[in-house]
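See below for the structure under consideration.
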Amino acid sequence: MFFEQVYDKTLAQASYIIGCQVSKEAIVIDPKRDVDTYLDIAKSNNLTITHVAETHIHADFLSGSRELVALTGAKLFLSDEGDEDWQYEFPHLGLKNGDVIKIGNLTLETLHTPGHTPESISFLLTDHPATDKPVMFFTGDFVFVGDVGRPDLLEEAAGLVGSKEVGAKQLFESLKLFKALPDYIQVWPGHGAGSACGKALGSVASTTVGYEKIRNWALQHDDFESFKEELLRDQPEAPYYFAEMKKQNKIDRKLLTEVPLHPVLDIEDISKDAVVVDTRNKFEFSKGHLPKSINIQNNNSLANWAGWMLSYNEPIVLVAPKENQEEVTRKMMRIGMDNIAGFVSQLSGQLVETKLVDAAEVEQEVSNGECTLLDVRNTIEFRNGHIEGAIHHFVGHMAKRLPNLDKNASIIVQCQAGDRATIATSYLEKNGFSNVKNFIGSMQDWLAKGKPVLK
């Protein structure tokens, strides 16, 4: 058997390519959208991708299943579980509980494991030349390392009121199936630490059924009410783009079978309707940037914050050096951000600086009542400790609701380490706030200087 995990650090998303080295066939489970990765792996290992499968309708990335099928002619296997609202709207081979996919000497048994979503399925793999017992379990967003898939995303991201209660009950029942599996079975989940699909995901790549039985908090509950209470408590905010991904992964959409090459623009060529996103380092951005541009740095969080802050309906111009443009394009296309008008490689003309402040300046201005301190971290972070006098407004929510502050007032923005504060500062400036300063060291600098926090 051939096996390789493909892990996208930018979305903490895992996909898998599994092959039979006798028949030279391979299956890809939950592929990301830039599918050349899987084609290269298959070619390097003398395999042909003949099957593609998904565990559920994804919310956090745009699946590359149909792109991969278009390029390879592979068979597409998707869940036919759940009611009519959870049926894929394009041709596929439907899977129900107990159905088996055969790839040479390998079989993948389908298990219906609802909870995270109603149609969610998992795959139990058996490598028959070695044993007739299952050895691997591909769980998608059902069971993670140390956590389980949250059932509230449909309510938080898609507006399906009441669905989290139903999902919690389904998940509780599905976990009984998981507990009944042999302890030795390897568990390969769809996400790792950093994903918003759970609240306590582990950072290691895989686990076992037995290890999760003793470690995973969700498997310690025999009482549903206590399980539900802990499950739904303190889940992270669901990014705005999740609703769009749920839609695009279900419908018959336009395919993108290769990484696009976007034009390089001169500054004077930028449309007045375009949103300019500067992907440079936050310190470089602060020294000089195009007026009304937003700073979303090209790091592992680029796609996540782009999904929070940007629209799918407005053209986007990205500021990035030429050597980073393909990487940025891949990150954006993984969440369906195809509305890229082009890149700007070199900045010129009249640039704008961002005023930076340190902990001493923040302390002085806040104590003297000279400014409003705006904490843009998430709700849990703010509750666990914040600077006295700070007002809370999560940065991700600014795209739909700006803070209720005077646009001419003095505002200092802070987060935990400065990245989100820079996003928020630039977003406020773009929207007409004229006196905004960035506490770029934020809580890390505040705590390092021994300053007090309130809880």
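Identifiers in the structure tokens: chain A, B, ... in order shown; residue index from 1 per chain; ligand index from 1 in order shown.
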Contacts of A:Lys400 at 9 Å (only C-alpha atoms; same-chain gap of 3+ positions) as a list in words: Met309, Gly396 and His397 of chain A
Got a sec: who's within 10 Å of A:Ser286, counting only C-alpha atoms, leaving out chain neighbours fewer than 2 positions off, as a list in words?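 Surrounding residues, per the criterion: Arg280, Asn281, Lys282, Phe283, Glu284, Gly288, His289, Asn295, Val352, Glu353, Thr354, Lys355, Leu356, Thr422, Ser426, Asn438 and Ile440 of chain A.
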Residues at most 9 Å from A:Thr257, counting only C-alpha atoms, excluding those fewer than 5 positions away in the same chain, as a PyMOL selection string? chain A and resi 33-36+64+66-68+70-71
Same residues, all heavy atoms, saved as a short mmCIF file (atom, residue, chain, number, x, y, z; two decimals), in the first residue's frame:
```cif
data_model
loop_
_atom_site.label_atom_id
_atom_site.label_comp_id
_atom_site.auth_asym_id
_atom_site.auth_seq_id
_atom_site.Cartn_x
_atom_site.Cartn_y
_atom_site.Cartn_z
N ARG A 33 -7.76 22.55 -3.50
CA ARG A 33 -8.12 22.96 -4.84
C ARG A 33 -6.95 23.01 -5.81
O ARG A 33 -7.13 22.77 -7.01
CB ARG A 33 -8.81 24.32 -4.80
CG ARG A 33 -9.57 24.63 -6.07
CD ARG A 33 -10.24 25.96 -5.94
NE ARG A 33 -11.03 26.32 -7.09
CZ ARG A 33 -11.27 27.56 -7.45
NH1 ARG A 33 -10.77 28.55 -6.72
NH2 ARG A 33 -12.01 27.85 -8.50
N ASP A 34 -5.75 23.32 -5.36
CA ASP A 34 -4.59 23.30 -6.25
C ASP A 34 -4.09 21.86 -6.33
O ASP A 34 -3.20 21.44 -5.59
CB ASP A 34 -3.51 24.28 -5.80
CG ASP A 34 -3.21 24.25 -4.31
OD1 ASP A 34 -4.13 23.95 -3.52
OD2 ASP A 34 -2.05 24.53 -3.93
N VAL A 35 -4.67 21.12 -7.26
CA VAL A 35 -4.56 19.66 -7.27
C VAL A 35 -3.29 19.15 -7.95
O VAL A 35 -3.06 17.93 -7.98
CB VAL A 35 -5.79 19.02 -7.95
CG1 VAL A 35 -7.06 19.34 -7.16
CG2 VAL A 35 -5.94 19.49 -9.40
N ASP A 36 -2.45 20.04 -8.47
CA ASP A 36 -1.21 19.57 -9.08
C ASP A 36 -0.34 18.82 -8.08
O ASP A 36 0.46 17.97 -8.46
CB ASP A 36 -0.43 20.74 -9.70
CG ASP A 36 -0.17 21.88 -8.74
OD1 ASP A 36 -0.88 22.00 -7.72
OD2 ASP A 36 0.75 22.68 -9.01
N GLY A 64 -11.05 20.47 -4.14
CA GLY A 64 -10.53 20.27 -5.48
C GLY A 64 -10.96 18.97 -6.12
O GLY A 64 -10.40 18.57 -7.15
N ARG A 66 -13.57 18.03 -7.89
CA ARG A 66 -14.05 18.06 -9.27
C ARG A 66 -12.94 18.48 -10.23
O ARG A 66 -12.90 18.03 -11.38
CB ARG A 66 -15.25 18.98 -9.37
CG ARG A 66 -16.46 18.41 -8.61
CD ARG A 66 -17.66 19.30 -8.72
NE ARG A 66 -18.08 19.44 -10.10
CZ ARG A 66 -18.55 20.57 -10.63
NH1 ARG A 66 -18.63 21.66 -9.89
NH2 ARG A 66 -18.93 20.60 -11.89
N GLU A 67 -12.02 19.34 -9.80
CA GLU A 67 -10.87 19.67 -10.63
C GLU A 67 -10.03 18.42 -10.88
O GLU A 67 -9.58 18.17 -12.00
CB GLU A 67 -10.01 20.73 -9.94
CG GLU A 67 -10.49 22.16 -10.15
CD GLU A 67 -11.53 22.63 -9.16
OE1 GLU A 67 -11.99 21.80 -8.34
OE2 GLU A 67 -11.90 23.81 -9.19
N LEU A 68 -9.84 17.62 -9.83
CA LEU A 68 -9.03 16.41 -9.96
C LEU A 68 -9.70 15.40 -10.88
O LEU A 68 -9.04 14.76 -11.71
CB LEU A 68 -8.80 15.81 -8.56
CG LEU A 68 -7.63 14.84 -8.39
CD1 LEU A 68 -6.33 15.41 -8.94
CD2 LEU A 68 -7.48 14.49 -6.91
N ALA A 70 -11.78 16.15 -13.31
CA ALA A 70 -11.72 16.70 -14.66
C ALA A 70 -10.37 16.42 -15.31
O ALA A 70 -10.28 16.20 -16.53
CB ALA A 70 -11.99 18.21 -14.64
N LEU A 71 -9.30 16.42 -14.52
CA LEU A 71 -7.96 16.21 -15.06
C LEU A 71 -7.59 14.75 -15.22
O LEU A 71 -6.73 14.42 -16.05
CB LEU A 71 -6.94 16.90 -14.15
CG LEU A 71 -6.96 18.44 -14.17
CD1 LEU A 71 -6.13 18.99 -13.02
CD2 LEU A 71 -6.45 18.97 -15.50
#
```
Pick out each residue of stretch 219-335 of chain A that DSSP on the backbone tags as strand (DSSP E); I need them as a ChimeraX atom specification. /A:275-278,294-295,316-319
Restricting the output to N, CA, C and O atoms, write the selected residues as a CSV table (one decimal), in the first residue's frame.
```
chain,number,residue,atom,x,y,z
A,275,VAL,N,-10.2,46.4,-4.2
A,275,VAL,CA,-9.7,46.4,-2.8
A,275,VAL,C,-8.3,46.0,-2.9
A,275,VAL,O,-7.9,45.0,-3.5
A,276,VAL,N,-7.4,46.9,-2.3
A,276,VAL,CA,-6.0,46.6,-2.4
A,276,VAL,C,-5.6,45.9,-1.1
A,276,VAL,O,-5.8,46.4,0.0
A,277,VAL,N,-5.0,44.7,-1.2
A,277,VAL,CA,-4.5,43.9,-0.1
A,277,VAL,C,-3.0,43.8,-0.1
A,277,VAL,O,-2.4,43.2,-1.1
A,278,ASP,N,-2.3,44.4,0.8
A,278,ASP,CA,-0.9,44.4,0.9
A,278,ASP,C,-0.4,43.2,1.7
A,278,ASP,O,-0.8,43.1,2.9
A,294,ILE,N,-5.3,47.4,2.7
A,294,ILE,CA,-5.4,46.5,3.9
A,294,ILE,C,-4.2,45.6,4.0
A,294,ILE,O,-3.8,45.0,3.0
A,295,ASN,N,-3.7,45.5,5.2
A,295,ASN,CA,-2.5,44.6,5.4
A,295,ASN,C,-3.0,43.2,5.9
A,295,ASN,O,-3.5,43.1,7.0
A,316,ILE,N,-9.9,42.3,-6.4
A,316,ILE,CA,-8.8,42.4,-5.4
A,316,ILE,C,-7.5,42.6,-6.2
A,316,ILE,O,-7.2,41.8,-7.1
A,317,VAL,N,-6.7,43.5,-5.7
A,317,VAL,CA,-5.4,43.7,-6.2
A,317,VAL,C,-4.5,43.4,-5.0
A,317,VAL,O,-4.6,44.0,-3.9
A,318,LEU,N,-3.5,42.6,-5.2
A,318,LEU,CA,-2.6,42.1,-4.2
A,318,LEU,C,-1.2,42.7,-4.3
A,318,LEU,O,-0.6,42.7,-5.4
A,319,VAL,N,-0.7,43.3,-3.2
A,319,VAL,CA,0.7,43.8,-3.2
A,319,VAL,C,1.6,42.6,-2.7
A,319,VAL,O,1.4,42.2,-1.6
```
Atom CA of A:Ile387 and atom CA of A:Met443, how far apart in Å?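 A separation of 8.3 Å between them.
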Report as a tab-separated table the residues of stretch 3-110 of chain A within 12 Å of stretch 125-131 of chain A, each with its shortest atom pair and distance in Å (one decimal), using only C-alpha atoms, ordered by chain and increasing residue number.
```
residue	atom	partner	partner_atom	distance
A:Phe3	CA	A:Asp127	CA	11.2
A:Ile18	CA	A:Leu125	CA	9.8
A:Gly19	CA	A:Asp127	CA	10.2
A:Cys20	CA	A:Asp127	CA	8.8
A:Gln21	CA	A:Pro129	CA	11.1
A:Val22	CA	A:Pro129	CA	10.3
A:Ile27	CA	A:Leu125	CA	11.6
A:Ile29	CA	A:Leu125	CA	11.9
A:Val100	CA	A:Leu125	CA	9.6
A:Ile101	CA	A:Leu125	CA	9.4
A:Lys102	CA	A:Leu125	CA	9.8
A:Ile103	CA	A:Asp127	CA	9.9
A:Gly104	CA	A:His128	CA	9.5
A:Asn105	CA	A:His128	CA	5.8
A:Leu106	CA	A:Asp127	CA	4.9
A:Thr107	CA	A:Thr126	CA	5.4
A:Leu108	CA	A:Leu125	CA	4.5
A:Glu109	CA	A:Leu125	CA	6.5
A:Thr110	CA	A:Leu125	CA	9.2
```
Serialized selection, N, CA, C and O atoms, as a compact mmCIF listing (two decimals), in the first residue's frame:
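Saved file part01.txt follows:
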```txt
# COMPACT_ATOMS: atom_id res chain seq x y z
N PHE A 3 0.89 5.34 0.81
CA PHE A 3 0.11 6.27 1.62
C PHE A 3 0.90 7.56 1.79
O PHE A 3 2.10 7.53 2.09
N ILE A 18 -3.87 7.52 -1.34
CA ILE A 18 -3.64 6.13 -0.94
C ILE A 18 -3.68 5.28 -2.20
O ILE A 18 -4.60 5.42 -3.02
N GLY A 19 -2.70 4.41 -2.38
CA GLY A 19 -2.63 3.62 -3.59
C GLY A 19 -2.35 2.16 -3.37
O GLY A 19 -1.75 1.77 -2.35
N CYS A 20 -2.77 1.36 -4.32
CA CYS A 20 -2.42 -0.06 -4.36
C CYS A 20 -1.22 -0.20 -5.28
O CYS A 20 -1.31 0.13 -6.47
N GLN A 21 -0.12 -0.69 -4.77
CA GLN A 21 1.10 -0.77 -5.56
C GLN A 21 1.12 -1.97 -6.51
O GLN A 21 2.04 -2.11 -7.30
N VAL A 22 0.08 -2.78 -6.44
CA VAL A 22 -0.08 -3.88 -7.40
C VAL A 22 -0.84 -3.39 -8.62
O VAL A 22 -0.39 -3.51 -9.76
N ILE A 27 -6.50 6.58 -4.71
CA ILE A 27 -7.63 7.41 -4.34
C ILE A 27 -7.11 8.63 -3.58
O ILE A 27 -6.14 8.53 -2.84
N ILE A 29 -8.49 11.54 -0.92
CA ILE A 29 -9.58 11.89 -0.01
C ILE A 29 -9.45 13.36 0.40
O ILE A 29 -8.39 13.80 0.85
N VAL A 100 -18.79 0.15 -0.01
CA VAL A 100 -17.36 -0.11 -0.05
C VAL A 100 -16.77 0.40 -1.37
O VAL A 100 -17.32 0.15 -2.44
N ILE A 101 -15.66 1.11 -1.27
CA ILE A 101 -14.87 1.52 -2.43
C ILE A 101 -13.68 0.57 -2.53
O ILE A 101 -12.97 0.34 -1.56
N LYS A 102 -13.44 0.03 -3.73
CA LYS A 102 -12.33 -0.91 -3.93
C LYS A 102 -11.28 -0.26 -4.82
O LYS A 102 -11.59 0.23 -5.91
N ILE A 103 -10.05 -0.24 -4.34
CA ILE A 103 -8.91 0.27 -5.09
C ILE A 103 -7.85 -0.82 -5.11
O ILE A 103 -7.08 -0.97 -4.15
N GLY A 104 -7.80 -1.61 -6.14
CA GLY A 104 -6.88 -2.74 -6.20
C GLY A 104 -7.11 -3.68 -5.05
O GLY A 104 -8.22 -4.21 -4.87
N ASN A 105 -6.10 -3.90 -4.22
CA ASN A 105 -6.21 -4.79 -3.06
C ASN A 105 -6.66 -4.08 -1.79
O ASN A 105 -6.65 -4.66 -0.71
N LEU A 106 -7.06 -2.83 -1.93
CA LEU A 106 -7.52 -2.06 -0.78
C LEU A 106 -9.02 -1.87 -0.83
O LEU A 106 -9.61 -1.79 -1.91
N THR A 107 -9.65 -1.80 0.34
CA THR A 107 -11.06 -1.43 0.41
C THR A 107 -11.26 -0.33 1.44
O THR A 107 -10.56 -0.27 2.46
N LEU A 108 -12.21 0.54 1.15
CA LEU A 108 -12.59 1.61 2.06
C LEU A 108 -14.08 1.46 2.34
O LEU A 108 -14.91 1.65 1.45
N GLU A 109 -14.41 1.10 3.59
CA GLU A 109 -15.81 0.97 3.98
C GLU A 109 -16.34 2.31 4.45
O GLU A 109 -15.70 3.01 5.23
N THR A 110 -17.52 2.67 3.97
CA THR A 110 -18.14 3.94 4.33
C THR A 110 -18.92 3.80 5.63
O THR A 110 -19.74 2.89 5.77
```
Skip stretch 330-340 of chain A itself and residues of its chain fewer than 6 positions away, then list as a PyMOL selection string all residues within 8 Å of it, counting only C-alpha atoms. chain A and resi 10+32-34+60-63+241+245+259+262+302-303+306-307+312-318
For a test of reading the model, state the distance in Å between atom CA of A:Gly450 and atom CA of A:Phe285, rounded to one decimal.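 Spanning atom CA of A:Gly450 to atom CA of A:Phe285 is a straight-line distance of 28.2 Å.
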Counting only C-alpha atoms, figure out which residue out of A:Leu310, A:Ile251, A:Leu405, A:Ile121 gets nearest to A:Ser293.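 Among A:Leu310, A:Ile251, A:Leu405, A:Ile121, it is A:Leu310 that comes nearest to A:Ser293.
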List the spatial neighbours of stretch 160-164 of chain A as an MDAnalysis selection string - criterion: any atom at most 9 Å away, only C-alpha atoms, same-chain residues fewer than 5 positions off excluded. chainID A and resid 115:116 150:155 169 232
Would you export the selected residues with N, CA, C and O atoms as a short mmCIF file (atom, residue, chain, number, x, y, z; two decimals), in the first residue's frame, please?
```
data_model
loop_
_atom_site.label_atom_id
_atom_site.label_comp_id
_atom_site.auth_asym_id
_atom_site.auth_seq_id
_atom_site.Cartn_x
_atom_site.Cartn_y
_atom_site.Cartn_z
N GLY A 115 -22.96 14.63 12.66
CA GLY A 115 -22.74 15.42 13.87
C GLY A 115 -22.15 16.75 13.50
O GLY A 115 -22.74 17.80 13.70
N HIS A 116 -20.95 16.70 12.93
CA HIS A 116 -20.37 17.93 12.40
C HIS A 116 -21.27 18.47 11.29
O HIS A 116 -21.56 19.67 11.24
N ARG A 150 -17.03 20.43 15.43
CA ARG A 150 -18.07 21.24 16.04
C ARG A 150 -19.37 21.13 15.25
O ARG A 150 -19.37 21.16 14.01
N PRO A 151 -20.51 21.03 15.92
CA PRO A 151 -21.79 20.91 15.23
C PRO A 151 -22.50 22.24 15.03
O PRO A 151 -23.62 22.27 14.51
N ASP A 152 -21.87 23.34 15.45
CA ASP A 152 -22.54 24.64 15.39
C ASP A 152 -22.21 25.45 14.16
O ASP A 152 -22.73 26.56 13.98
N LEU A 153 -21.35 24.94 13.27
CA LEU A 153 -20.95 25.73 12.12
C LEU A 153 -22.12 26.03 11.19
O LEU A 153 -22.17 27.10 10.59
N LEU A 154 -23.04 25.07 11.07
CA LEU A 154 -24.18 25.30 10.17
C LEU A 154 -25.03 26.45 10.68
O LEU A 154 -25.60 27.21 9.89
N GLU A 155 -25.10 26.59 11.99
CA GLU A 155 -25.86 27.69 12.57
C GLU A 155 -25.07 28.99 12.54
O GLU A 155 -25.61 30.05 12.19
N LYS A 169 -26.48 16.00 19.16
CA LYS A 169 -27.06 14.69 19.45
C LYS A 169 -26.55 13.64 18.47
O LYS A 169 -26.20 12.52 18.86
N LEU A 232 -20.40 22.73 22.98
CA LEU A 232 -20.83 24.00 22.42
C LEU A 232 -20.20 25.21 23.09
O LEU A 232 -20.30 26.33 22.59
#
```
Could you pull the residues within 9 Å of stretch 74-82 of chain A, counting only C-alpha atoms, minus those fewer than 4 positions along the same chain, as a ChimeraX atom specification? /A:27,48-57,65-66,68-70,86-88,91-97,101,110,112,114,117-121
Give me the residues near stretch 208-216 of chain A as a short mmCIF file (atom, residue, chain, number, x, y, z; two decimals) with all heavy atoms, in the first residue's frame, where near means some atom within 9 Å (using only C-alpha atoms) and where sequence neighbours in that chain fewer than 3 positions away do not count.
```cif
data_model
loop_
_atom_site.label_atom_id
_atom_site.label_comp_id
_atom_site.auth_asym_id
_atom_site.auth_seq_id
_atom_site.Cartn_x
_atom_site.Cartn_y
_atom_site.Cartn_z
N MET A 136 -6.83 1.61 9.12
CA MET A 136 -6.83 3.06 9.12
C MET A 136 -8.26 3.59 9.06
O MET A 136 -9.13 2.98 8.41
CB MET A 136 -6.05 3.62 7.92
CG MET A 136 -4.56 3.46 7.98
SD MET A 136 -3.77 4.21 6.51
CE MET A 136 -2.04 4.15 7.00
N PHE A 137 -8.49 4.73 9.71
CA PHE A 137 -9.81 5.36 9.76
C PHE A 137 -9.64 6.82 9.35
O PHE A 137 -8.95 7.59 10.03
CB PHE A 137 -10.37 5.25 11.17
CG PHE A 137 -11.85 5.51 11.28
CD1 PHE A 137 -12.74 5.18 10.27
CD2 PHE A 137 -12.36 6.07 12.44
CE1 PHE A 137 -14.10 5.41 10.39
CE2 PHE A 137 -13.72 6.32 12.58
CZ PHE A 137 -14.60 5.98 11.55
N VAL A 143 -13.79 13.05 14.01
CA VAL A 143 -12.90 12.98 15.17
C VAL A 143 -11.53 13.53 14.78
O VAL A 143 -10.97 13.13 13.76
CB VAL A 143 -12.75 11.53 15.68
CG1 VAL A 143 -11.71 11.47 16.80
CG2 VAL A 143 -14.09 10.99 16.17
N PHE A 144 -11.04 14.45 15.58
CA PHE A 144 -9.70 15.00 15.41
C PHE A 144 -8.78 14.43 16.49
O PHE A 144 -9.22 13.67 17.36
CB PHE A 144 -9.72 16.53 15.55
CG PHE A 144 -10.62 17.23 14.57
CD1 PHE A 144 -11.65 18.05 15.01
CD2 PHE A 144 -10.44 17.08 13.20
CE1 PHE A 144 -12.47 18.71 14.11
CE2 PHE A 144 -11.26 17.73 12.29
CZ PHE A 144 -12.28 18.55 12.75
N VAL A 145 -7.51 14.80 16.45
CA VAL A 145 -6.59 14.46 17.53
C VAL A 145 -6.97 15.33 18.72
O VAL A 145 -6.80 16.55 18.71
CB VAL A 145 -5.13 14.69 17.13
CG1 VAL A 145 -4.20 14.38 18.31
CG2 VAL A 145 -4.76 13.84 15.92
N GLY A 146 -7.56 14.72 19.75
CA GLY A 146 -7.91 15.43 20.97
C GLY A 146 -9.21 16.20 20.94
O GLY A 146 -9.56 16.87 21.91
N ASP A 147 -9.98 16.10 19.85
CA ASP A 147 -11.19 16.91 19.74
C ASP A 147 -12.16 16.24 18.78
O ASP A 147 -11.86 15.18 18.21
CB ASP A 147 -10.83 18.31 19.24
CG ASP A 147 -11.86 19.38 19.60
OD1 ASP A 147 -12.87 19.04 20.24
OD2 ASP A 147 -11.66 20.54 19.22
N VAL A 148 -13.32 16.86 18.59
CA VAL A 148 -14.31 16.39 17.62
C VAL A 148 -14.81 17.60 16.82
O VAL A 148 -14.67 18.74 17.23
CB VAL A 148 -15.50 15.68 18.30
CG1 VAL A 148 -15.06 14.35 18.90
CG2 VAL A 148 -16.13 16.57 19.38
N PHE A 178 -17.45 5.06 17.12
CA PHE A 178 -15.99 5.22 17.20
C PHE A 178 -15.43 4.42 18.37
O PHE A 178 -14.41 3.72 18.24
CB PHE A 178 -15.65 6.70 17.35
CG PHE A 178 -14.18 6.98 17.37
CD1 PHE A 178 -13.48 7.18 16.20
CD2 PHE A 178 -13.49 7.06 18.58
CE1 PHE A 178 -12.11 7.44 16.22
CE2 PHE A 178 -12.13 7.33 18.61
CZ PHE A 178 -11.43 7.52 17.42
N LYS A 179 -16.09 4.49 19.53
CA LYS A 179 -15.63 3.78 20.72
C LYS A 179 -15.61 2.27 20.54
O LYS A 179 -14.84 1.56 21.18
CB LYS A 179 -16.50 4.12 21.92
CG LYS A 179 -16.38 5.56 22.41
CD LYS A 179 -17.33 5.79 23.58
CE LYS A 179 -17.29 7.22 24.08
NZ LYS A 179 -18.24 7.46 25.20
N LEU A 181 -14.71 0.66 17.89
CA LEU A 181 -13.64 0.21 17.00
C LEU A 181 -12.44 -0.31 17.81
O LEU A 181 -12.22 0.12 18.94
CB LEU A 181 -13.19 1.36 16.10
CG LEU A 181 -14.20 1.88 15.09
CD1 LEU A 181 -13.67 3.15 14.42
CD2 LEU A 181 -14.53 0.83 14.04
N PRO A 182 -11.65 -1.20 17.23
CA PRO A 182 -10.45 -1.69 17.92
C PRO A 182 -9.46 -0.57 18.21
O PRO A 182 -9.30 0.36 17.40
CB PRO A 182 -9.86 -2.70 16.91
CG PRO A 182 -11.01 -3.10 16.05
CD PRO A 182 -11.89 -1.91 15.95
N ASP A 183 -8.79 -0.66 19.34
CA ASP A 183 -7.88 0.39 19.78
C ASP A 183 -6.71 0.63 18.82
O ASP A 183 -6.18 1.74 18.75
CB ASP A 183 -7.31 0.05 21.16
CG ASP A 183 -8.32 0.22 22.28
OD1 ASP A 183 -9.46 0.65 21.98
OD2 ASP A 183 -7.98 -0.06 23.44
N TYR A 184 -6.29 -0.40 18.09
CA TYR A 184 -5.09 -0.29 17.27
C TYR A 184 -5.29 0.52 15.99
O TYR A 184 -4.31 0.91 15.34
CB TYR A 184 -4.57 -1.69 16.90
CG TYR A 184 -5.53 -2.49 16.05
CD1 TYR A 184 -5.63 -2.29 14.67
CD2 TYR A 184 -6.35 -3.47 16.62
CE1 TYR A 184 -6.52 -3.02 13.91
CE2 TYR A 184 -7.23 -4.19 15.88
CZ TYR A 184 -7.32 -3.98 14.51
OH TYR A 184 -8.20 -4.71 13.74
N ILE A 185 -6.50 0.78 15.60
CA ILE A 185 -6.75 1.44 14.32
C ILE A 185 -6.20 2.86 14.32
O ILE A 185 -6.45 3.64 15.24
CB ILE A 185 -8.26 1.45 13.99
CG1 ILE A 185 -8.74 0.02 13.69
CG2 ILE A 185 -8.58 2.37 12.80
CD1 ILE A 185 -10.22 -0.08 13.38
N GLN A 186 -5.45 3.18 13.27
CA GLN A 186 -4.91 4.53 13.11
C GLN A 186 -6.04 5.48 12.69
O GLN A 186 -6.87 5.14 11.86
CB GLN A 186 -3.82 4.56 12.05
CG GLN A 186 -2.59 3.73 12.38
CD GLN A 186 -1.58 3.76 11.25
OE1 GLN A 186 -1.59 4.66 10.41
NE2 GLN A 186 -0.70 2.77 11.21
N VAL A 187 -6.01 6.69 13.24
CA VAL A 187 -7.00 7.71 12.93
C VAL A 187 -6.31 8.85 12.19
O VAL A 187 -5.36 9.45 12.71
CB VAL A 187 -7.69 8.23 14.20
CG1 VAL A 187 -8.66 9.37 13.86
CG2 VAL A 187 -8.43 7.10 14.91
N TRP A 188 -6.80 9.15 10.98
CA TRP A 188 -6.25 10.22 10.16
C TRP A 188 -7.35 11.25 9.90
O TRP A 188 -8.22 11.05 9.08
CB TRP A 188 -5.70 9.65 8.85
CG TRP A 188 -4.51 8.76 9.07
CD1 TRP A 188 -4.53 7.41 9.25
CD2 TRP A 188 -3.15 9.17 9.14
NE1 TRP A 188 -3.26 6.93 9.44
CE2 TRP A 188 -2.38 7.99 9.37
CE3 TRP A 188 -2.49 10.39 9.03
CZ2 TRP A 188 -0.99 8.03 9.50
CZ3 TRP A 188 -1.11 10.42 9.14
CH2 TRP A 188 -0.38 9.25 9.38
N LEU A 219 -14.76 11.84 24.40
CA LEU A 219 -15.01 10.42 24.63
C LEU A 219 -15.08 10.08 26.12
O LEU A 219 -15.22 8.92 26.49
CB LEU A 219 -13.93 9.59 23.96
CG LEU A 219 -13.84 9.75 22.42
CD1 LEU A 219 -12.71 8.94 21.86
CD2 LEU A 219 -15.16 9.35 21.76
N GLN A 220 -15.01 11.10 26.96
CA GLN A 220 -15.08 10.87 28.41
C GLN A 220 -16.50 11.04 28.94
O GLN A 220 -16.74 10.80 30.13
CB GLN A 220 -14.13 11.82 29.14
CG GLN A 220 -12.73 11.91 28.55
CD GLN A 220 -12.08 10.56 28.29
OE1 GLN A 220 -12.09 9.68 29.15
NE2 GLN A 220 -11.53 10.39 27.10
#
```
Enter the distance from atom CA of A:Ala424 to atom CA of A:Ala409, in Å, rounded to one decimal.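 Separation of atom CA of A:Ala424 and atom CA of A:Ala409: 15.6 Å.
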A:Gly385 proximity check over A:Trp446, A:Asn368, A:Lys437, A:Asn404, using only C-alpha atoms: winner is A:Trp446
Pick out the closest residue to A:Phe394 from this set: A:Ala341, A:Ala42, A:Leu124, A:Ala238. Count only C-alpha atoms. A:Ala238
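Taking only C-alpha atoms into account, A:Asn45 lies nearest to A:Met1 out of the set A:Leu11, A:Met1, A:Cys415, A:Ala59.
Here the helix (DSSP H, G or I) residues in stretch 91-175 of chain A, by DSSP on the backbone, are Leu153, Leu154, Glu155, Glu156, Ala157, Ala158, Ser163, Lys164, Glu165, Val166, Gly167, Ala168, Lys169, Gln170, Leu171, Phe172, Glu173, Ser174 and Leu175 of chain A.
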